[in-house]
Every structure is written in C-alpha cells, then in structure tokens.
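Reproduced below: start-v3.tsv, with TSV, C-alpha atoms and all ligand atoms.
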```tsv
chain	number	residue	atom	x	y	z
I	1	MET	CA	99.94	112.28	-3.97
I	2	ASN	CA	96.64	110.59	-4.80
I	3	GLN	CA	95.06	107.13	-5.01
I	4	SER	CA	95.86	106.42	-8.64
I	5	GLU	CA	99.46	107.69	-8.43
I	6	LEU	CA	100.01	105.39	-5.46
I	7	GLU	CA	98.41	102.38	-7.07
I	8	HIS	CA	100.46	102.91	-10.20
I	9	ALA	CA	103.78	103.31	-8.34
I	10	LEU	CA	103.19	100.29	-6.10
I	11	SER	CA	101.63	98.01	-8.70
I	12	ASP	CA	104.57	95.57	-8.87
I	13	LEU	CA	104.72	94.98	-5.11
I	14	PRO	CA	102.80	92.09	-3.49
I	15	LEU	CA	100.54	94.34	-1.43
I	16	GLY	CA	96.91	93.80	-0.40
I	17	ARG	CA	94.49	96.70	-0.69
I	18	ILE	CA	95.73	100.27	-0.98
I	19	ARG	CA	93.83	103.30	0.31
I	20	TYR	CA	94.91	106.92	0.16
I	21	PHE	CA	93.45	109.81	2.20
I	22	ASP	CA	94.18	113.52	1.87
I	23	THR	CA	93.47	113.76	5.56
I	24	ILE	CA	92.71	111.21	8.26
I	25	GLY	CA	92.81	110.91	12.07
I	26	SER	CA	95.44	108.16	12.20
I	27	THR	CA	96.39	105.66	9.49
I	28	ASN	CA	96.85	103.04	12.26
I	29	ASP	CA	93.18	103.47	13.26
I	30	LEU	CA	91.93	102.98	9.73
I	31	ALA	CA	94.17	99.94	9.30
I	32	ALA	CA	92.73	98.52	12.54
I	33	ASP	CA	89.17	99.08	11.25
I	34	TRP	CA	90.15	97.33	8.07
I	35	ASP	CA	91.61	94.51	10.07
I	36	ALA	CA	88.17	93.80	11.49
I	37	LYS	CA	86.96	93.57	7.88
I	38	ASP	CA	89.50	90.90	7.01
I	39	VAL	CA	91.57	92.75	4.44
I	40	PRO	CA	94.49	90.75	3.01
I	41	ASP	CA	98.03	90.69	4.37
I	42	LEU	CA	100.12	93.76	3.47
I	43	SER	CA	97.17	96.07	2.93
I	44	LEU	CA	98.30	99.68	3.03
I	45	VAL	CA	96.78	102.94	4.25
I	46	VAL	CA	98.55	106.18	3.31
I	47	ALA	CA	97.61	109.72	4.32
I	48	ASP	CA	98.93	113.10	3.33
I	49	GLU	CA	97.90	114.60	6.67
I	50	GLN	CA	97.04	113.07	10.06
I	51	THR	CA	94.98	115.07	12.52
I	52	HIS	CA	95.42	112.58	15.40
I	53	GLY	CA	98.62	110.79	14.50
I	54	ARG	CA	100.04	109.01	17.52
I	55	GLY	CA	103.26	107.64	18.90
I	56	ARG	CA	103.79	105.20	21.75
I	57	ALA	CA	102.12	105.57	25.12
I	58	GLY	CA	99.53	108.00	23.77
I	59	ARG	CA	102.09	110.55	22.60
I	60	LYS	CA	101.28	112.68	19.54
I	61	TRP	CA	102.80	112.31	16.10
I	62	PHE	CA	102.82	115.43	13.96
I	63	THR	CA	101.91	114.96	10.25
I	64	PRO	CA	101.08	118.27	8.54
I	65	PRO	CA	99.86	118.17	4.91
I	66	GLY	CA	102.12	117.96	1.88
I	67	SER	CA	105.37	117.37	3.72
I	68	ALA	CA	105.59	113.92	5.30
I	69	LEU	CA	104.97	110.24	4.76
I	70	ALA	CA	102.43	108.57	7.06
I	71	PHE	CA	101.35	105.04	6.36
I	72	SER	CA	100.23	101.81	8.03
I	73	LEU	CA	100.53	98.23	6.88
I	74	VAL	CA	98.29	95.39	7.98
I	75	LEU	CA	100.50	92.35	8.68
I	76	ARG	CA	98.98	88.93	9.20
I	77	PRO	CA	101.44	87.05	11.38
I	78	THR	CA	102.19	83.90	9.47
I	79	GLU	CA	105.91	83.61	10.10
I	80	ILE	CA	105.60	85.67	13.23
I	81	GLU	CA	104.11	82.91	15.29
I	82	SER	CA	105.19	83.76	18.77
I	83	THR	CA	105.18	86.95	20.79
I	84	GLN	CA	108.95	86.60	20.74
I	85	GLU	CA	108.86	87.52	17.06
I	86	VAL	CA	106.45	90.41	17.50
I	87	SER	CA	109.11	92.65	18.99
I	88	ARG	CA	111.13	92.16	15.82
I	89	VAL	CA	108.44	93.80	13.71
I	90	THR	CA	109.34	97.27	14.97
I	91	GLY	CA	112.91	96.44	13.95
I	92	LEU	CA	111.64	95.32	10.54
I	93	GLY	CA	110.02	98.71	9.91
I	94	ALA	CA	113.08	100.60	11.13
I	95	LEU	CA	115.46	98.47	9.08
I	96	ALA	CA	113.40	98.91	5.89
I	97	VAL	CA	113.46	102.69	6.29
I	98	CYS	CA	117.22	102.68	6.98
I	99	ARG	CA	118.05	100.50	3.98
I	100	SER	CA	116.03	102.73	1.66
I	101	LEU	CA	117.75	105.87	2.91
I	102	GLU	CA	121.19	104.26	2.60
I	103	LYS	CA	120.73	102.83	-0.87
I	104	LYS	CA	119.32	105.70	-2.91
I	105	TYR	CA	120.18	108.73	-0.82
I	106	ASP	CA	123.56	107.74	0.57
I	107	LEU	CA	122.47	108.73	4.07
I	108	GLU	CA	123.61	107.07	7.31
I	109	PRO	CA	120.50	106.52	9.39
I	110	LYS	CA	120.71	105.01	12.85
I	111	ILE	CA	118.03	103.23	14.86
I	112	LYS	CA	117.48	104.64	18.33
I	113	TRP	CA	116.08	101.46	19.82
I	114	PRO	CA	113.32	100.54	19.76
I	115	ASN	CA	111.52	102.68	17.20
I	116	ASP	CA	113.17	105.94	16.18
I	117	ILE	CA	115.29	106.64	13.14
I	118	LEU	CA	117.90	109.32	13.46
I	119	LEU	CA	119.90	111.23	10.89
I	120	ALA	CA	122.78	113.23	12.34
I	121	ASN	CA	121.35	112.37	15.77
I	122	LYS	CA	117.98	113.96	15.02
I	123	LYS	CA	114.73	112.06	14.77
I	124	VAL	CA	113.32	111.89	11.24
I	125	CYS	CA	111.05	108.86	11.58
I	126	GLY	CA	109.06	106.88	14.15
I	127	VAL	CA	107.61	103.38	13.94
I	128	LEU	CA	104.52	102.31	15.90
I	129	VAL	CA	103.54	98.63	15.86
I	130	GLU	CA	100.20	97.74	17.43
I	131	ALA	CA	99.20	94.11	18.02
I	132	HIS	CA	95.60	92.87	17.76
I	133	TRP	CA	94.70	89.67	19.57
I	134	TYR	CA	91.75	87.33	19.43
I	135	GLY	CA	91.88	85.73	22.84
I	136	GLU	CA	95.38	84.28	23.12
I	137	GLN	CA	95.97	84.36	19.40
I	138	LEU	CA	97.83	87.15	17.69
I	139	VAL	CA	95.71	87.99	14.64
I	140	THR	CA	97.20	91.12	13.17
I	141	LEU	CA	100.01	93.59	13.57
I	142	ILE	CA	99.52	97.13	12.37
I	143	MET	CA	102.81	98.75	11.49
I	144	GLY	CA	102.60	102.54	11.29
I	145	ILE	CA	105.51	104.58	9.98
I	146	GLY	CA	105.80	108.36	10.01
I	147	ILE	CA	108.66	110.09	8.20
I	148	ASN	CA	109.51	113.77	8.06
I	149	ILE	CA	110.31	114.58	4.45
I	150	ALA	CA	110.20	118.40	3.97
I	151	PRO	CA	111.18	121.01	6.59
I	152	SER	CA	107.54	121.91	7.30
I	153	SER	CA	106.98	118.37	8.63
I	154	VAL	CA	109.27	119.01	11.59
I	155	PRO	CA	107.28	119.92	14.70
I	156	PRO	CA	108.04	123.01	16.79
I	157	ASP	CA	110.85	122.45	19.31
I	158	GLN	CA	108.67	122.82	22.39
I	159	SER	CA	106.55	119.79	21.43
I	160	LEU	CA	109.55	117.47	21.07
I	161	ASN	CA	111.16	115.02	23.45
I	162	TYR	CA	114.17	114.57	21.14
I	163	ALA	CA	115.72	116.85	18.51
I	164	ALA	CA	114.01	116.38	15.13
I	165	SER	CA	114.86	116.95	11.49
I	166	CYS	CA	113.63	115.83	8.07
I	167	ILE	CA	115.10	113.84	5.22
I	168	GLU	CA	115.35	116.77	2.82
I	169	ALA	CA	117.34	118.84	5.34
I	170	GLU	CA	119.87	116.03	5.73
I	171	PHE	CA	119.93	115.02	2.04
I	172	GLY	CA	120.10	118.59	0.77
I	173	LYS	CA	117.67	118.04	-2.11
I	174	SER	CA	113.98	117.42	-2.55
I	175	ILE	CA	112.65	113.90	-2.19
I	176	ASP	CA	109.88	112.16	-4.11
I	177	ARG	CA	107.64	110.81	-1.34
I	178	ILE	CA	106.04	108.09	-3.42
I	179	ALA	CA	109.40	106.81	-4.69
I	180	LEU	CA	110.69	106.62	-1.11
I	181	LEU	CA	107.52	104.85	0.05
I	182	ARG	CA	107.94	102.32	-2.73
I	183	ASP	CA	111.56	101.64	-1.77
I	184	ILE	CA	110.64	101.17	1.89
I	185	LEU	CA	107.81	98.75	1.09
I	186	GLU	CA	110.07	96.76	-1.20
I	187	GLU	CA	112.69	96.46	1.56
I	188	LEU	CA	109.98	95.54	4.04
I	189	VAL	CA	108.65	92.73	1.92
I	190	ASP	CA	112.19	91.40	1.37
I	191	TRP	CA	113.28	91.55	5.01
I	192	GLN	CA	110.00	90.15	6.28
I	193	LYS	CA	111.00	86.84	4.73
I	194	GLN	CA	114.16	86.86	6.85
I	195	ILE	CA	112.67	88.14	10.08
I	196	SER	CA	113.52	84.95	11.97
I	197	SER	CA	117.12	84.81	10.79
I	198	PRO	CA	120.30	85.88	12.60
I	199	ASP	CA	121.08	88.01	9.51
I	200	PHE	CA	118.05	90.13	10.25
I	201	ILE	CA	119.22	90.74	13.82
I	202	SER	CA	122.75	91.57	12.60
I	203	ALA	CA	121.44	94.04	10.03
I	204	TRP	CA	119.30	95.70	12.71
I	205	GLU	CA	122.08	95.67	15.32
I	206	SER	CA	124.69	97.17	13.01
I	207	ARG	CA	122.47	100.23	12.63
I	208	LEU	CA	121.85	100.83	16.32
I	209	ALA	CA	122.45	104.40	17.42
I	210	PHE	CA	124.92	104.74	20.32
I	211	LEU	CA	126.26	101.19	19.97
I	212	GLY	CA	129.18	100.82	22.40
I	213	GLN	CA	128.35	104.11	24.11
I	214	THR	CA	127.33	104.71	27.69
I	215	LEU	CA	123.98	106.46	27.95
I	216	ASN	CA	121.44	107.66	30.44
I	217	ILE	CA	118.63	105.14	30.29
I	218	THR	CA	115.21	105.82	31.73
I	219	ARG	CA	112.58	103.10	31.90
I	220	GLU	CA	108.96	103.32	32.96
I	221	GLN	CA	108.63	103.74	36.70
I	222	GLN	CA	112.33	103.12	37.32
I	223	ALA	CA	115.16	105.40	38.33
I	224	SER	CA	117.38	106.32	35.39
I	225	MET	CA	120.69	104.54	35.12
I	226	GLN	CA	123.88	104.75	33.10
I	227	ALA	CA	124.73	101.76	30.94
I	228	LYS	CA	126.57	100.87	27.78
I	229	ILE	CA	124.60	99.62	24.76
I	230	ILE	CA	126.27	96.39	23.70
I	231	GLY	CA	123.85	95.14	21.05
I	232	LEU	CA	120.73	93.05	20.51
I	233	ASP	CA	119.94	89.50	21.52
I	234	GLN	CA	118.30	87.02	19.13
I	235	ARG	CA	114.87	88.26	20.19
I	236	GLY	CA	115.70	91.84	19.29
I	237	ARG	CA	115.95	92.95	22.92
I	238	LEU	CA	118.49	95.64	23.77
I	239	ARG	CA	121.57	94.36	25.63
I	240	LEU	CA	123.07	96.68	28.20
I	241	ARG	CA	126.14	96.55	30.42
I	242	SER	CA	126.09	98.54	33.65
I	243	GLN	CA	129.13	100.34	34.99
I	244	SER	CA	129.74	97.48	37.42
I	245	GLY	CA	129.89	95.09	34.43
I	246	GLU	CA	126.50	93.47	34.94
I	247	GLU	CA	124.62	92.61	31.71
I	248	SER	CA	120.87	92.93	31.27
I	249	VAL	CA	118.32	92.99	28.45
I	250	VAL	CA	115.44	95.38	27.88
I	251	GLN	CA	112.17	94.39	26.19
I	252	ALA	CA	110.54	96.93	23.92
I	253	GLY	CA	108.67	99.12	26.32
I	254	ASP	CA	108.73	102.74	27.17
I	255	ILE	CA	112.42	103.47	27.41
I	256	GLN	CA	114.34	106.66	26.76
I	257	LEU	CA	117.94	106.64	25.61
I	258	ARG	CA	119.86	109.86	26.00
I	259	PRO	CA	123.55	110.56	25.31
I	260	LEU	CA	125.50	111.70	28.38
I	261	VAL	CA	126.87	114.59	26.33
I	262	ASP	CA	124.78	115.63	23.39
I	263	SER	CA	126.91	116.11	20.30
I	264	SER	CA	124.07	117.16	18.01
I	265	GLN	CA	124.27	120.81	19.16
I	266	ASN	CA	120.58	120.53	19.88
I	267	LYS	CA	120.98	119.97	23.55
I	268	ASN	CA	118.22	122.42	24.38
I	269	LYS	CA	115.80	120.34	22.40
I	270	LEU	CA	116.53	117.19	24.36
I	271	LYS	CA	114.05	117.18	27.18
P	1	LIG	C1	106.90	107.28	17.56
P	1	LIG	O1	106.42	107.33	18.84
P	1	LIG	O2	107.91	107.77	17.19
P	1	LIG	C2	106.00	106.53	16.60
P	1	LIG	C3	105.41	107.43	15.56
P	1	LIG	C4	104.56	106.64	14.58
P	1	LIG	C5	103.83	107.55	13.65
P	1	LIG	C6	103.10	106.78	12.57
P	1	LIG	S1	102.51	107.81	11.31
P	1	LIG	C7	101.56	106.54	10.64
P	1	LIG	C8	100.97	105.80	11.82
P	1	LIG	N1	99.74	106.42	12.26
P	1	LIG	C9	99.83	106.89	13.52
P	1	LIG	O3	98.91	107.46	14.15
P	1	LIG	N2	101.07	106.67	13.99
P	1	LIG	C10	101.90	105.97	13.03
P	1	LIG	P1	107.26	107.87	20.09
P	1	LIG	O4	108.59	107.19	20.15
P	1	LIG	O5	106.35	107.72	21.24
P	1	LIG	O6	107.52	109.37	19.76
P	1	LIG	C11	106.53	110.35	19.90
P	1	LIG	C12	107.26	111.66	20.23
P	1	LIG	O7	107.98	112.09	19.04
P	1	LIG	C13	106.32	112.81	20.56
P	1	LIG	O8	106.04	112.86	21.92
P	1	LIG	C14	107.12	114.04	20.10
P	1	LIG	O9	108.05	114.43	21.10
P	1	LIG	C15	107.93	113.49	18.93
P	1	LIG	N3	107.32	113.81	17.62
P	1	LIG	C16	106.02	113.97	17.29
P	1	LIG	N4	105.89	114.18	15.97
P	1	LIG	C17	107.15	114.17	15.46
P	1	LIG	C18	107.69	114.33	14.15
P	1	LIG	N5	106.92	114.52	13.08
P	1	LIG	N6	109.03	114.25	14.03
P	1	LIG	C19	109.86	114.05	15.08
P	1	LIG	N7	109.41	113.88	16.35
P	1	LIG	C20	108.06	113.94	16.52
```
As a first step, turn the structure in this file into structure tokens.
Amino acid sequence: MNQSELEHALSDLPLGRIRYFDTIGSTNDLAADWDAKDVPDLSLVVADEQTHGRGRAGRKWFTPPGSALAFSLVLRPTEIESTQEVSRVTGLGALAVCRSLEKKYDLEPKIKWPNDILLANKKVCGVLVEAHWYGEQLVTLIMGIGINIAPSSVPPDQSLNYAASCIEAEFGKSIDRIALLRDILEELVDWQKQISSPDFISAWESRLAFLGQTLNITREQQASMQAKIIGLDQRGRLRLRSQSGEESVVQAGDIQLRPLVDSSQNKNKLK
C-alpha cells in the first residue's frame, strides 16, 4: 500500500484529501489535526501500522504492519444536525463494513452494538467515532475504522476482551486491502445519504448480533443484568427487554454484551 496506489484506487469516489502513512500513532489523531486545518468533508487518513491505535474509553487498538486496515474519515455534519443523529454515525461505519463483506466475500458479519463487527462471533473490526465541538456546535466527526485482514493482525489472546479473528481466516483466501477499503468507502458514501431514514435503521438492526437473545449486559458503573436484545429505536439506541418484561433503551456508551453461553468455542478468550 502507498499514497499513489490509494489515490488511484479511490479516484472515482467523492473524497476530500487522502493521506497515507506507513506508520502513525493513530489515524484518528491525524484526522483531528487536519480538522483544525479545515480539510474538506470526507478527507481520509490511512495507515499501514498504528503505534498508538485506540478504541473506546482509552482502550488500545492493535494495528501491526502489513496485515490490517486502519483509516479515519473526517465527516462534516451537514445532514447530521442534531446529537440524535451523531449516534447513528457509528452504525453507518459498521453497516458499510458489513455490506462490503456481504457483497463481495459472501460473509455474514454481525454488529455487536454499538461498534464491533463479528464474524463467526469473533471480533474482526472496531469503529471509533469521535465528535469535535465548537462551543455548542458539532463541527466534525472523525470516524476511525480498524479491520483485521491477515492472521498476524489478530492480537494475542491475553490482550483481548472479546474473542478476535481476521477476515482472511473467515473467508479462507487472501484479501486485497485497498479493494476492500474502496468498497467500504463507496458503501459509506451511499448510506450517508440515507442516514436519517428508517431504511438505514432497518439495515443496521437486521445485522445486530444476538438479536432476540438474552445476554449478560454490563454498563458503566452499574451492576450487570440479563436482558433480551429486541432491536434499535429510530435514534439507533439499543432496545432491551428485561426478564420481568420491562423495556428500556441504551445510548451508545460503554456497554459490554456477552452471551450467556458462548457458542464460539472461545469461551476462555471472553473476559
Ligand atoms: C474499538 O474499541 O473496537 C474501536 C477500534 C477503532 C480502531 C480504529 S483504527 C483507525 C482509527 N484510529 C484509531 O486510533 N482508532 C481507530 P473498543 O470497543 O473499545 O475495543 C477495544 C478492545 O478491542 C481492546 O481493549 C482489545 O480488547 C480489543 N482489540 C484491540 N485490538 C484489536 C484487534 N486488532 N482486533 C480485535 N480486538 C482488538
């Protein structure tokens, strides 16, 4: 992967600037720096390796060289006018990755709400959306996506909070990273136009992992509970039903969803 290969492969997409790095701390950080410099909507930062890739709540994201996709997009919220819509942007990233994996690779990805993509119940991708405000006004969203492509991108078990895999292991053949990136960006641009529509929510909801299943749910500073996942509401919040039949919704926050019985045969990896 290099700058000119990327520019060539993405030339027909309506992107802003494109920057490639062999190695970088975090693509989200560079995109945020760019943001301050007023780069256009849909500017893209791609790195082969991240030395300080991050997940939510300060967790680490592992991106060793030559084996993964790590990229960030600068999104200027035009359609996304309210904070209500912001939570959908994580869904937008997840949906774009799912659609790409379904269409060309015949895989069946699932979205572990709010931001993980699973194949065969193992995490292959994470989405991290960071909002930048100017006073009360939302100025930019940085959408970072990390995808494990080759086996060497999968972190060692002891560093994981959920079993992980990579696309090549599940697909059974090698994957062209740039072609996959192109497909994802194309889906993203298409679905972004529909982000306020019920169709977008339906497409996202139909790919939810554990839909209709009762799970152990742990939320920040709250005791864990068992509840059934019953879908998404129109704001993209997760709808739950407790064992006593009470319904509630969860905003994107730090939440952990865990099957009661793990069927992935990776139970030891689920911490
Ligand atoms: C995420 O956070 O899953 C969001 C990851 C976003 C990464 C992208 S890469 C491009 C952009 N630049 C960045 O710096 N970040 C974004 P979270 O749900 O908090 O999951 C983090 C947890 O996933 C860690 O604590 C590990 O347990 C696990 N993990 C770390 N690296 C992994 C990997 N490569 N594959 C699977 N799991 C991983």
Closest atom pairs, chain I residues within 7 Å of ligand LIG 1 (chain P), only C-alpha atoms and all ligand atoms, as a Markdown table:
```
| residue | atom | partner | partner_atom | distance |
| --- | --- | --- | --- | --- |
| I:Ser26 | CA | P:LIG1 | O3 | 4.0 |
| I:Thr27 | CA | P:LIG1 | N1 | 4.4 |
| I:Asn28 | CA | P:LIG1 | N1 | 4.4 |
| I:His52 | CA | P:LIG1 | O3 | 6.3 |
| I:Gly53 | CA | P:LIG1 | O3 | 3.4 |
| I:Arg54 | CA | P:LIG1 | O3 | 3.9 |
| I:Gly55 | CA | P:LIG1 | O1 | 3.2 |
| I:Arg56 | CA | P:LIG1 | O5 | 3.6 |
| I:Ala57 | CA | P:LIG1 | O5 | 6.1 |
| I:Arg59 | CA | P:LIG1 | O8 | 4.6 |
| I:Lys60 | CA | P:LIG1 | C13 | 5.1 |
| I:Trp61 | CA | P:LIG1 | N4 | 3.6 |
| I:Phe62 | CA | P:LIG1 | N4 | 3.9 |
| I:Thr63 | CA | P:LIG1 | N5 | 5.8 |
| I:Ala70 | CA | P:LIG1 | C7 | 4.2 |
| I:Phe71 | CA | P:LIG1 | C7 | 4.5 |
| I:Ser72 | CA | P:LIG1 | C8 | 5.6 |
| I:Asn115 | CA | P:LIG1 | O4 | 6.1 |
| I:Asp116 | CA | P:LIG1 | O2 | 5.7 |
| I:Lys123 | CA | P:LIG1 | C19 | 5.3 |
| I:Val124 | CA | P:LIG1 | C19 | 5.6 |
| I:Cys125 | CA | P:LIG1 | N6 | 6.3 |
| I:Gly126 | CA | P:LIG1 | O2 | 3.4 |
| I:Val127 | CA | P:LIG1 | C2 | 4.4 |
| I:Leu128 | CA | P:LIG1 | C2 | 4.5 |
| I:Gly144 | CA | P:LIG1 | C8 | 3.7 |
| I:Ile145 | CA | P:LIG1 | C6 | 4.2 |
| I:Gly146 | CA | P:LIG1 | S1 | 3.6 |
| I:Ile147 | CA | P:LIG1 | N5 | 6.8 |
| I:Asn148 | CA | P:LIG1 | N5 | 5.7 |
| I:Ser153 | CA | P:LIG1 | N5 | 5.9 |
| I:Val154 | CA | P:LIG1 | N5 | 5.3 |
| I:Pro155 | CA | P:LIG1 | C18 | 5.6 |
| I:Ser159 | CA | P:LIG1 | O9 | 5.6 |
| I:Leu160 | CA | P:LIG1 | O9 | 3.4 |
| I:Asn161 | CA | P:LIG1 | O9 | 3.9 |
| I:Tyr162 | CA | P:LIG1 | O9 | 6.1 |
| I:Ala164 | CA | P:LIG1 | C19 | 4.8 |
| I:Ser165 | CA | P:LIG1 | C19 | 6.8 |
```
Using the selection just defined, write its residues with C-alpha atoms as a tab-separated table (two decimals), in the coordinates of the input.
```tsv
chain	number	residue	atom	x	y	z
I	26	SER	CA	95.44	108.16	12.20
I	27	THR	CA	96.39	105.66	9.49
I	28	ASN	CA	96.85	103.04	12.26
I	52	HIS	CA	95.42	112.58	15.40
I	53	GLY	CA	98.62	110.79	14.50
I	54	ARG	CA	100.04	109.01	17.52
I	55	GLY	CA	103.26	107.64	18.90
I	56	ARG	CA	103.79	105.20	21.75
I	57	ALA	CA	102.12	105.57	25.12
I	59	ARG	CA	102.09	110.55	22.60
I	60	LYS	CA	101.28	112.68	19.54
I	61	TRP	CA	102.80	112.31	16.10
I	62	PHE	CA	102.82	115.43	13.96
I	63	THR	CA	101.91	114.96	10.25
I	70	ALA	CA	102.43	108.57	7.06
I	71	PHE	CA	101.35	105.04	6.36
I	72	SER	CA	100.23	101.81	8.03
I	115	ASN	CA	111.52	102.68	17.20
I	116	ASP	CA	113.17	105.94	16.18
I	123	LYS	CA	114.73	112.06	14.77
I	124	VAL	CA	113.32	111.89	11.24
I	125	CYS	CA	111.05	108.86	11.58
I	126	GLY	CA	109.06	106.88	14.15
I	127	VAL	CA	107.61	103.38	13.94
I	128	LEU	CA	104.52	102.31	15.90
I	144	GLY	CA	102.60	102.54	11.29
I	145	ILE	CA	105.51	104.58	9.98
I	146	GLY	CA	105.80	108.36	10.01
I	147	ILE	CA	108.66	110.09	8.20
I	148	ASN	CA	109.51	113.77	8.06
I	153	SER	CA	106.98	118.37	8.63
I	154	VAL	CA	109.27	119.01	11.59
I	155	PRO	CA	107.28	119.92	14.70
I	159	SER	CA	106.55	119.79	21.43
I	160	LEU	CA	109.55	117.47	21.07
I	161	ASN	CA	111.16	115.02	23.45
I	162	TYR	CA	114.17	114.57	21.14
I	164	ALA	CA	114.01	116.38	15.13
I	165	SER	CA	114.86	116.95	11.49
```
Using all atoms listed in the file, which protein or nucleic acid residues come within 9 Å of Leu92 (chain I)? Drop anything in the same chain fewer than 4 positions from it, and give the result as a list in words. Arg88, Ala96, Val97, Leu188, Trp191, Gln192, Ile195, Phe200 and Trp204 of chain I
Next, the residues of the selection above should be written as an mmCIF file, in the coordinates of the input with C-alpha atoms.
```cif
data_model
loop_
_atom_site.group_PDB
_atom_site.id
_atom_site.type_symbol
_atom_site.label_atom_id
_atom_site.label_comp_id
_atom_site.auth_asym_id
_atom_site.auth_seq_id
_atom_site.Cartn_x
_atom_site.Cartn_y
_atom_site.Cartn_z
ATOM 1 C CA ARG I 88 111.130 92.160 15.820
ATOM 2 C CA ALA I 96 113.400 98.910 5.890
ATOM 3 C CA VAL I 97 113.460 102.690 6.290
ATOM 4 C CA LEU I 188 109.980 95.540 4.040
ATOM 5 C CA TRP I 191 113.280 91.550 5.010
ATOM 6 C CA GLN I 192 110.000 90.150 6.280
ATOM 7 C CA ILE I 195 112.670 88.140 10.080
ATOM 8 C CA PHE I 200 118.050 90.130 10.250
ATOM 9 C CA TRP I 204 119.300 95.700 12.710
#
```
Tell me which protein, DNA and RNA residues are within 8 Å of region 108-111 of chain I, counting all atoms listed in the file, leaving out same-chain ones fewer than 4 positions away, and put them as JSON, numbers by chain. {"I": [94, 95, 98, 101, 102, 115, 116, 117, 118, 119, 120, 121, 204, 207, 208, 209]}
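Near Arg258 (chain I), within 12 Å and counting all atoms listed in the file, sit I:Lys112, I:Trp113, I:Asn121, I:Lys122, I:Asn161, I:Tyr162, I:Ala163, I:Ala209, I:Phe210, I:Gln213, I:Thr214, I:Leu215, I:Asn216, I:Ile217, I:Thr218, I:Arg219, I:Ser224, I:Met225, I:Gln226, I:Ala227, I:Lys228, I:Ile229, I:Ser264, I:Lys267, I:Lys269, I:Leu270, I:Lys271, not including residues fewer than 6 positions from it in the same chain.
In this structure, CA of Lys193 (chain I) sits 21.1 Å away from CA of Ile18 (chain I).
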Do you have the CA of Lys173 (chain I)-CA of His8 (chain I) distance handy?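 So the answer is 24.3 Å.
For the pair CA of Ile149 (chain I) and CA of Ile167 (chain I), the interatomic distance is 4.9 Å.
Counting all atoms listed in the file, the residue from I:Ala32, I:Ala169, I:Ala9, I:Leu238 that sits nearest to Val139 (chain I) is I:Ala32.
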